[in-house]
Structures are given as C-alpha cells and as structure tokens.
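Student: Have a look at this one before I ask anything.
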Amino acid sequence: MPNVVIVGSQWGDEGKGKIVDLFTDRFDVVVRYQGGHNAGHTVQIGDETYVLHLIPSGILHPEKICVIGNGVVVDPFALLEEIEMLASHGISVHGRLYISNRAHLIMPYHRLLEEADEKARAEQKIGTTSRGIGPSYEDKMGRRGIRMGDLLDPELFREKLRANLLNKNELLGRYSHREGLSEEETARSYLAVVPRLKGYITDTAEFLNESAAAGKSLLFEGAQGTLLDVDHGTYPFVTASNATAGGACTGSGVGPTRIDSVLGVAKAYTTRVGGGPFPTELANSIGEHIRERGKEFGASTGRPRRCGWFDAVVVRYARVINNLDSIVITKLDVLDDLPEIKVCVAYRYRSQVLKYFPMDVSVLDACEPVYEMLPGWLSGTAGIKEYASLPERARHYLSRIGEMSGTEISLVSTGPDRRQTIVMAEKSRLQRLLPLVPVS
Ligand code: GDP
Ligand code: IMO
Ligand code: MG
C-alpha cells in the first residue's frame with residue numbers, strides 16, 4: 001500500500017480534515033508531522049462535526065492508529081482537552097494514539113512571549129493563533145527546548161525548566177513587565193498530567209518505520225498550507241514549521257523514498273487568516289458573500305477569514321514546491337450564487353508580468369492580479385457526486401483552474417460531508433496508486 005502526504009496548497013483551511021477523513025479508510029496509520037494546536041481540521045460525519053487540532057483526523061475511524069510526530073509542538077493541556085472531547089463522543093484514543101518522545105513541548109512562557117512579540121510588531125504583527133507555536137519552535141532551533149520524552153524523567157524536566165526560566169523570566173520582565181513564572185508551579189502543573197499522557201509517549205519514528213517495513217500504509221496529514229510554510233511561504237507572515245511535503249519526512253522520521261504520492265488540497269477560491277499579503281483578497285461585498293456562504297471563520301480562533309478569488313499563481317507554486325501529483329478542489333458549492341468568477345493567472349508588478357510566486361512580501365504587496373473572468377453557473381452544486389451532473393459552467397471553471405494551476409484535479413468537494421465528493425481523473429497517477437470510489 002502506498003504512503004501519501006496530504007498538504008494545504010494555499011494559506012491553510014483548505015478542507016484538509018475532510019479529505020484526510022475521506023482517505024483514512026485506505027491507510028493503516030495517520031500521522032501529523034508539523035504545527036500544533038494552531039491547526040483546526042473540521043470533519044463532518046452526518047450530524048456530528050469534529051474539530052481536531054493536534055490529533056490526526058484519522059482518529060475518528062475507530063480501528064486506525066494515529067501518530068503525533070516529532071515535528072509537532074505539543075501543548076499537553078490542549079492535547080488532554082482534545083482526548084476528552086473525543087471521549088465525550090464515545091471515541092477512545094487508548095492504544096491507538098502514539099506521541100513522539102522527540103516532539104517539543106509548548107510551555108506557558110511561549111504564549112506570553114508570543115503575546116509580547118506580537119505587541120511589539122504593532123502594525124506588522126503576524127496575527128498568530130496565540131498558542132505559543134512560534135516561540136516553541138524557536139526554542140527547538142535554539143537547542144534549549146523541552147521534549148515530550150523529558151516529561152518522563154521529572155528531575156531532568158525540572159532541570160531543563162529551571163535553565164529556561166532563568167532566561168525567559170528575564171525576557172518576560174523586560175518585554176511585558178510581568179512577574180516571572182514560578183518554577184515549582186510550572187513543574188507541578190506539567191508533571192501532574194504525565195500519568196495521563198505517558199502511555200502515549202514513544203519513539204514514533206521507530207514505530208512508523210517498522211510499520212512501513214511491515215507493509216502498512218501511512219497517510220501524512222499536513223497542517224497549515226504551503227504559503228504558511230516557514231521557508232517557502234510569505235515570510236515573515238507564516239507559521240513556524242515546514243507545512244510543505246518535505247516536512248512529512250523531517251517531522252516523522254520517515255525517509256523521502258518511502259513517500260509514493262503527494263496530494264494538494266485547495267479551495268475553489270482563496271482564504272487567509274491573520275496578517276500578510278493576499279493579492280486576490282476581496283475587501284468588498286463579494287468577499288463577505290464568500291465568507292458567509294463558506295462559513296469562513298477560523299476553526300481554531302473563530303476569527304473571520306479574509307476571502308478572495310482563486311489564485312492560480314499560488315497553486316502553481318504549491319504544485320512545484322510539493323511536487324503535487326494532483327489536487328483536490330474543495331468548496332465549489334460556495335461559488336454557486338456568483339454571476340461572474342475571477343481567477344488570477346499572473347501578477348503584474350510594475351511593468352513586468354510575474355508568473356512565478358515572488359520571494360519578497362513587499363513585491364507581493366505591490367502586485368496586481370491579472371484576472372481571467374469566467375461565467376458563474378448560478379445553480380446549486382452542493383452535494384453533487386457526479387462530475388457529469390455539475391452545470392457545464394462549473395465543469396468549465398474546474399477545467400480552467402486545473403489548467404492554470406498546471407495540475408490534475410483528482411477530487412472535487414461539494415459540501416462538508418464525506419459523501420459530498422466527486423471522484424475525478426480515473427486514469428490519474430493517484431487513482432492508479434489508490435483507487436478511489438465515491439462514498440455512499
Ligand atoms: P482544514 O484546516 O484544511 O482542515 O480546513 P478547516 O476545517 O479549517 O476549514 C474547512 C471548512 O470547510 C470546514 O468547516 C469544513 O467542514 C468545510 N468544508 C470542507 N469541504 C467543504 C465543501 O466542499 N463545501 C463546503 N461548503 N464546506 C466544506
Ligand atoms: P490549518 O491546519 C490557517 C496562521 C495564523 C497566522 C500564521 C502564524 O487549520 O489549515 P501561528 O499561530 O501558527 O504562529 O500563526 O499562521 N495559521 C493558520 N491559518 N489555518 C491554519 O491551520 C493555521 N495555523 C496557523 O493565522 O497568520
Ligand atoms: Mg483549519
């Protein structure tokens with residue numbers, strides 16, 4: 001069975017949760033490899049809606065194993081809350097959730113330092129999810145982070161905490177004029193949850209490699225999206241991890257030659273939460289219409305998402321950076337009421353036409369989208385499961401955005417539910433690797 005990576009091809013919230021859920025049946029293990037509880041992955045199953053932040057969406061399938069890899073940063077309290085949320089729906093993670101002993105912890109000072117950092121940036125703030133994600137990754141790279149495995153050795157944990165607090169308390173005093181955190185209280189609160197977590201902590205890289213060697217198939221669930229990747233995204237308006245396909249390897253300990261296919265997820269339009277450039281943004285009534293109809297409010301923070309037209313420059317870039325085999329287009333139904341729909345095919349920058357995504361956000365800020373105007377279909381597509389049943393203009397729209405993005409469309413989503421999905425591209429590479437059938 002193949003090992004497949006699913007990644008966001010825009011600025012996150014593309015509908016990865018739904019697509020991972022749809023594919024989970026065909027895999028043995030589902031792996032999160034980067035990010036933390038900044039992610040909000042929504043899965044709708046019948047009348048129930050689940051929002052997963054840290055635990056892979058595959059957990060909703062009772063027989064599947066789920067892994068939180070070394071590349072993830074973990075807030076143990078957020079994790080416990082999620083485990084409890086699942087338990088309240090009758091879903092047990094016991095015996096089928098593994099957390100890497102190498103995953104870094106999010107500590108209380110991470111959130112406080114992030115708050116101070118955002119304040120200091122003023123107009124230039126990133127608009128983070130305020131979960132302490134960035135500062136936790138900073139400490140990881142600064143080689144002073146504390147890891148899940150350290151929780152299992154209370155003395156070592158206290159020692160690392162002490163060393164960190166020496167420096168963090170000084171920073172907190174200087175930048176946010178607050179009293180330092182107490183070592184005793186912090187240690188006590190973290191160590192108190194260890195009995196509830198220790199059964200899950202293990203060497204997940206070893207587990208994943210043994211599973212793969214035994215012929216089990218792995219599905220890697222990306223969080224955030226290509227344009228939020230710390231290296232390839234709209235830096236500095238990005239998250240602090242590698243949300244692109246390469247992150248699946250470093251964030252799990254599974255080598256690149258084990259990956260058989262990479263699938264991108266993109267909305268039929270574009271959204272972004274937080275600050276940073278967004279060339280096709282619609283700061284008008286059309287943007288509001290998309291926000292209302294698409295329920296574009298953050299699954300983690302509830303913030304209204306910025307909405308805009310489909311940007312083929314972005315998705316083309318995502319195809320290249322992730323070497324996508326194909327893409328899934330989600331939320332086609334959200335465009336049903338629009339008489340005209342624009343698609344950005346290139347950017348105009350001064351006297352030049354850019355077809356490739358620029359590195360510099362000040363260039364991107366100054367780019368004007370070059371649009372192709374397509375006619376809307378003005379009829380309901382919600383819940384349609386057959387490509388042939390789509391209005392002709394919707395099929396035309398899909399075929400144009402596929403062409404402009406330079407990638408094949410393998411699935412189209414027409415609603416949040418599993419069943420509201422069209423399976424396309426019968427002859428695609430993905431289809432050969434992993435035959436897809438419509439969910440009844
Ligand atoms: P993720 O972070 O990529 O998993 O995406 P989110 O869960 O944050 O946001 C996607 C939202 O769109 C969720 O509320 C989904 O239930 C919803 N959704 C997914 N696919 C579709 C679709 O095809 N149509 C509509 N109307 N909603 C969808
Ligand atoms: P999913 O997995 C959309 C954005 C934040 C902010 C930037 C940095 O649901 O697609 P961070 O807290 O990560 O340091 O914030 O990244 N961001 C997301 N936007 N979807 C997400 O996750 C996001 N996770 C972070 O809004 O602009
Ligand atoms: Mg989301």
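Chain lettering (A, B, ...) mirrors the order of the structure tokens, residue numbering begins at 1 for each chain separately, and ligand numbering begins at 1 in order of display.
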Taking the backbone alone, and naming residues the way the document does, which bits of stretch 334-424 of chain A are strand (DSSP E) by DSSP, as a ChimeraX atom specification?

Tutor: /A:340-349,352-354,368-375,408-413,421-423

Student: Next, write the just-selected residues to a file, as a short mmCIF file (atom, residue, chain, number, x, y, z; two decimals), in the first residue's frame, keeping C-alpha atoms as the atom set.

Tutor:
```cif
data_model
loop_
_atom_site.label_atom_id
_atom_site.label_comp_id
_atom_site.auth_asym_id
_atom_site.auth_seq_id
_atom_site.Cartn_x
_atom_site.Cartn_y
_atom_site.Cartn_z
CA GLU A 340 -19.03 36.09 -12.57
CA ILE A 341 -15.96 34.48 -11.09
CA LYS A 342 -12.42 35.70 -11.50
CA VAL A 343 -9.27 33.62 -11.45
CA CYS A 344 -5.81 35.12 -11.04
CA VAL A 345 -3.47 33.82 -13.75
CA ALA A 346 -0.40 36.01 -13.14
CA TYR A 347 0.74 39.07 -11.19
CA ARG A 348 1.56 42.44 -12.65
CA TYR A 349 4.49 44.04 -10.85
CA GLN A 352 6.56 43.15 -15.53
CA VAL A 353 4.21 40.18 -15.56
CA LEU A 354 5.21 37.63 -12.93
CA GLU A 368 -1.77 43.47 -9.09
CA PRO A 369 -3.52 40.24 -10.04
CA VAL A 370 -4.09 39.60 -13.73
CA TYR A 371 -7.52 38.04 -13.91
CA GLU A 372 -9.38 35.82 -16.28
CA MET A 373 -13.12 36.27 -15.93
CA LEU A 374 -15.27 33.15 -16.05
CA PRO A 375 -19.05 32.98 -16.08
CA GLU A 408 -4.76 17.42 -12.47
CA ILE A 409 -7.85 17.58 -10.26
CA SER A 410 -8.49 14.20 -8.64
CA LEU A 411 -11.45 15.04 -6.40
CA VAL A 412 -13.95 17.86 -6.09
CA SER A 413 -15.71 18.55 -2.83
CA THR A 421 -17.48 14.42 -3.10
CA ILE A 422 -16.88 13.88 -6.81
CA VAL A 423 -14.16 11.39 -7.79
#
```

Student: So which residues are near ligand 1, meaning at most 6 Å away with only C-alpha atoms and all ligand atoms counted, given back as JSON, numbers by chain?

Tutor: {"A": [12, 13, 14, 15, 16, 17, 18, 40, 41, 42, 43, 44, 294, 299, 330, 331, 332, 333, 334, 413, 414, 415, 416]}

Student: With only C-alpha atoms as the basis for distance, which of A:Leu54, A:Ser389, A:Leu97, A:Pro154 is at the shortest distance from A:Glu81?

Tutor: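 Ranking A:Leu54, A:Ser389, A:Leu97, A:Pro154 by distance to A:Glu81, first place goes to A:Leu54.
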
Student: Quick one: contact table of chain A to ligand 2, 8 Å max, nearest atom pair and distance in Å to one decimal per residue, counting only C-alpha atoms and all ligand atoms, chain and number order, as CSV?

Tutor:
```
residue,atom,partner,partner_atom_place_in_ligand_line,distance
A:Gly8,CA,ligand 2,10 (O),6.9
A:Trp11,CA,ligand 2,3 (C),5.8
A:Gly12,CA,ligand 2,10 (O),3.3
A:Asp13,CA,ligand 2,10 (O),3.8
A:Glu14,CA,ligand 2,10 (O),6.5
A:Gly15,CA,ligand 2,10 (O),7.7
A:Lys16,CA,ligand 2,10 (O),7.3
A:Gly35,CA,ligand 2,13 (O),7.0
A:Gly36,CA,ligand 2,13 (O),7.9
A:Asn38,CA,ligand 2,24 (N),4.6
A:Ala39,CA,ligand 2,2 (O),3.6
A:Gly40,CA,ligand 2,9 (O),3.8
A:His41,CA,ligand 2,9 (O),5.2
A:His53,CA,ligand 2,9 (O),7.6
A:Ile126,CA,ligand 2,27 (O),5.6
A:Gly127,CA,ligand 2,27 (O),5.0
A:Thr128,CA,ligand 2,15 (O),3.3
A:Thr129,CA,ligand 2,12 (O),3.7
A:Ser130,CA,ligand 2,12 (O),5.5
A:Arg131,CA,ligand 2,12 (O),5.8
A:Gly132,CA,ligand 2,12 (O),6.9
A:Ile133,CA,ligand 2,14 (O),5.2
A:Gly134,CA,ligand 2,14 (O),4.9
A:Gly222,CA,ligand 2,2 (O),7.0
A:Ala223,CA,ligand 2,2 (O),3.6
A:Gln224,CA,ligand 2,10 (O),3.5
A:Gly225,CA,ligand 2,10 (O),6.0
A:Leu228,CA,ligand 2,16 (O),6.0
A:Phe237,CA,ligand 2,27 (O),6.1
A:Val238,CA,ligand 2,7 (C),4.8
A:Thr239,CA,ligand 2,8 (C),3.9
A:Ala240,CA,ligand 2,14 (O),5.9
A:Arg272,CA,ligand 2,19 (N),6.2
A:Val273,CA,ligand 2,26 (O),4.4
A:Gly274,CA,ligand 2,27 (O),3.8
A:Gly275,CA,ligand 2,27 (O),5.6
A:Gly276,CA,ligand 2,27 (O),7.4
A:Gly298,CA,ligand 2,3 (C),7.3
A:Ala299,CA,ligand 2,9 (O),6.7
A:Ser300,CA,ligand 2,9 (O),7.2
```

Student: Could you give me, as a list in words, the residues within 10 Å of A:Met359, counting only C-alpha atoms and dropping anything in the same chain fewer than 2 positions from it?

Tutor: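 My reading of the contact set: Asp231, His232, Gly233, Thr234, Tyr235, Tyr356, Phe357, Val361, Ser362, Val363 and Leu364 of chain A.
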
Student: Counting only C-alpha atoms and all ligand atoms, figure out which residue out of A:Cys66, A:Val254, A:Val51, A:Ala103 gets nearest to ligand 3.

Tutor: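 Of the candidates, the smallest distance to ligand 3 is held by A:Val51.
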
Student: As a ChimeraX atom specification, please: the residues near stretch 22-25 of chain A (cut-off 9 Å, only C-alpha atoms, same-chain neighbours under 6 positions excluded).

Tutor: /A:57-58,61,64,219,418-419,436,439

Student: Could the residues in this selection be written to a file with C-alpha atoms, as a JSON list (two decimals), in the first residue's frame?

Tutor:
```json
[["chain", "number", "residue", "atom", "x", "y", "z"],
["A", 57, "SER", "CA", -8.25, 13.44, 11.79],
["A", 58, "GLY", "CA", -7.87, 9.68, 11.24],
["A", 61, "HIS", "CA", -12.01, 5.84, 12.42],
["A", 64, "LYS", "CA", -6.85, 3.29, 12.87],
["A", 219, "LEU", "CA", -1.13, 8.83, 5.48],
["A", 418, "ARG", "CA", -17.80, 12.72, 3.25],
["A", 419, "ARG", "CA", -20.45, 11.83, 0.72],
["A", 436, "LEU", "CA", -10.90, 5.99, -5.10],
["A", 439, "VAL", "CA", -18.60, 7.29, -0.62]]
```

Student: Can you pull out the residues contacting stretch 183-188 of chain A? Cut-off 8 Å, using only C-alpha atoms, and skip same-chain residues under 4 positions away; I want them as a list in words.

Tutor: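 Skipping anything fewer than 4 positions along the chain leaves Pro108, Phe157, Arg158, Leu161, Arg162, Leu165 and Ala192 of chain A.
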
Student: So which residues touch A:Ile329 within 6 Å, counting only C-alpha atoms, skipping near sequence neighbours fewer than 3 positions away, as a list in words?

Tutor: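 Here the qualifying residues turn out to be Ala266, Lys267, Ala268 and Val412 of chain A.
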
Student: Which of stretch 331-408 of chain A counts as helix (DSSP H, G or I) under DSSP, as a ChimeraX atom specification please?

Tutor: /A:332-335,361-366,387-389,392-405

Student: With C-alpha atoms retained, write the just-selected residues as a PDB file, in the first residue's frame.

Tutor:
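Result saved to out_9.pdb:
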```pdb
ATOM      1  CA  LEU A 332     -17.021  24.527  -5.138  1.00  0.00           C
ATOM      2  CA  ASP A 333     -20.601  24.930  -3.841  1.00  0.00           C
ATOM      3  CA  VAL A 334     -19.662  28.209  -2.122  1.00  0.00           C
ATOM      4  CA  LEU A 335     -19.404  29.908  -5.529  1.00  0.00           C
ATOM      5  CA  VAL A 361       6.416  40.219   0.565  1.00  0.00           C
ATOM      6  CA  SER A 362       6.871  43.876  -0.368  1.00  0.00           C
ATOM      7  CA  VAL A 363       6.915  42.824  -4.030  1.00  0.00           C
ATOM      8  CA  LEU A 364       3.867  40.649  -3.445  1.00  0.00           C
ATOM      9  CA  ASP A 365       2.119  43.560  -1.730  1.00  0.00           C
ATOM     10  CA  ALA A 366       2.686  45.691  -4.801  1.00  0.00           C
ATOM     11  CA  TYR A 387     -18.899  15.184 -12.451  1.00  0.00           C
ATOM     12  CA  ALA A 388     -21.452  14.824 -15.259  1.00  0.00           C
ATOM     13  CA  SER A 389     -24.180  16.271 -13.010  1.00  0.00           C
ATOM     14  CA  GLU A 392     -21.489  22.965 -17.641  1.00  0.00           C
ATOM     15  CA  ARG A 393     -20.043  26.260 -16.449  1.00  0.00           C
ATOM     16  CA  ALA A 394     -18.886  24.695 -13.188  1.00  0.00           C
ATOM     17  CA  ARG A 395     -17.100  21.990 -15.204  1.00  0.00           C
ATOM     18  CA  HIS A 396     -15.544  24.703 -17.321  1.00  0.00           C
ATOM     19  CA  TYR A 397     -14.420  26.544 -14.186  1.00  0.00           C
ATOM     20  CA  LEU A 398     -12.797  23.391 -12.814  1.00  0.00           C
ATOM     21  CA  SER A 399     -11.082  22.597 -16.047  1.00  0.00           C
ATOM     22  CA  ARG A 400      -9.694  26.157 -16.315  1.00  0.00           C
ATOM     23  CA  ILE A 401      -8.381  26.281 -12.745  1.00  0.00           C
ATOM     24  CA  GLY A 402      -6.822  22.837 -13.251  1.00  0.00           C
ATOM     25  CA  GLU A 403      -5.132  24.029 -16.448  1.00  0.00           C
ATOM     26  CA  MET A 404      -3.973  27.310 -14.936  1.00  0.00           C
ATOM     27  CA  SER A 405      -2.603  25.538 -11.874  1.00  0.00           C
TER      28      SER A 405
END
```

Student: Between A:Thr257, A:Thr204, A:Gln420, A:Thr226, single out the one closest to A:Arg319, counting only C-alpha atoms.

Tutor: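 Going through A:Thr257, A:Thr204, A:Gln420, A:Thr226 one by one, the smallest distance to A:Arg319 is for A:Thr226.
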
Student: Report as an MDAnalysis selection string all protein, DNA and RNA residues lying within 10 Å of A:Glu170, evaluated on only C-alpha atoms, omitting residues in the same chain fewer than 6 positions from it.

Tutor: chainID A and resid 176:180

Student: Just to confirm, what's the straight-line distance from atom CA of A:Leu263 to atom CA of A:Ile6 in Å (one decimal)?

Tutor: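 Interatomic distance here is 4.9 Å.
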
Student: Smallest atom-to-atom distance to A:Ile106: which of A:Glu123, A:Asp139, A:Asp28, A:Glu292, using only C-alpha atoms?

Tutor: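 Among the listed residues, A:Asp139 lies closest to A:Ile106.
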
Student: Interatomic distance between atom CA of A:Val72 and atom CA of A:Val314?

Tutor: 25.1 Å

Student: To one decimal place, how far is atom CA of A:Tyr109 from atom CA of A:Gly142 in Å?

Tutor: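 Atom CA of A:Tyr109 sits 15.2 Å away from atom CA of A:Gly142.
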
Student: Given the choices A:Val4, A:Val265, A:Ile259, A:Leu430, which gets closest to ligand 3 if the distance is worked out from only C-alpha atoms and all ligand atoms?

Tutor: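 Using only C-alpha atoms and all ligand atoms, ligand 3 sits closest to A:Val265.
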
Student: So, counting only C-alpha atoms and all ligand atoms, which residue among A:Glu296, A:Arg32, A:Glu281, A:Glu115 is closest to ligand 3?

Tutor: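 When distances to ligand 3 are compared using only C-alpha atoms and all ligand atoms, the smallest one comes from A:Glu296.
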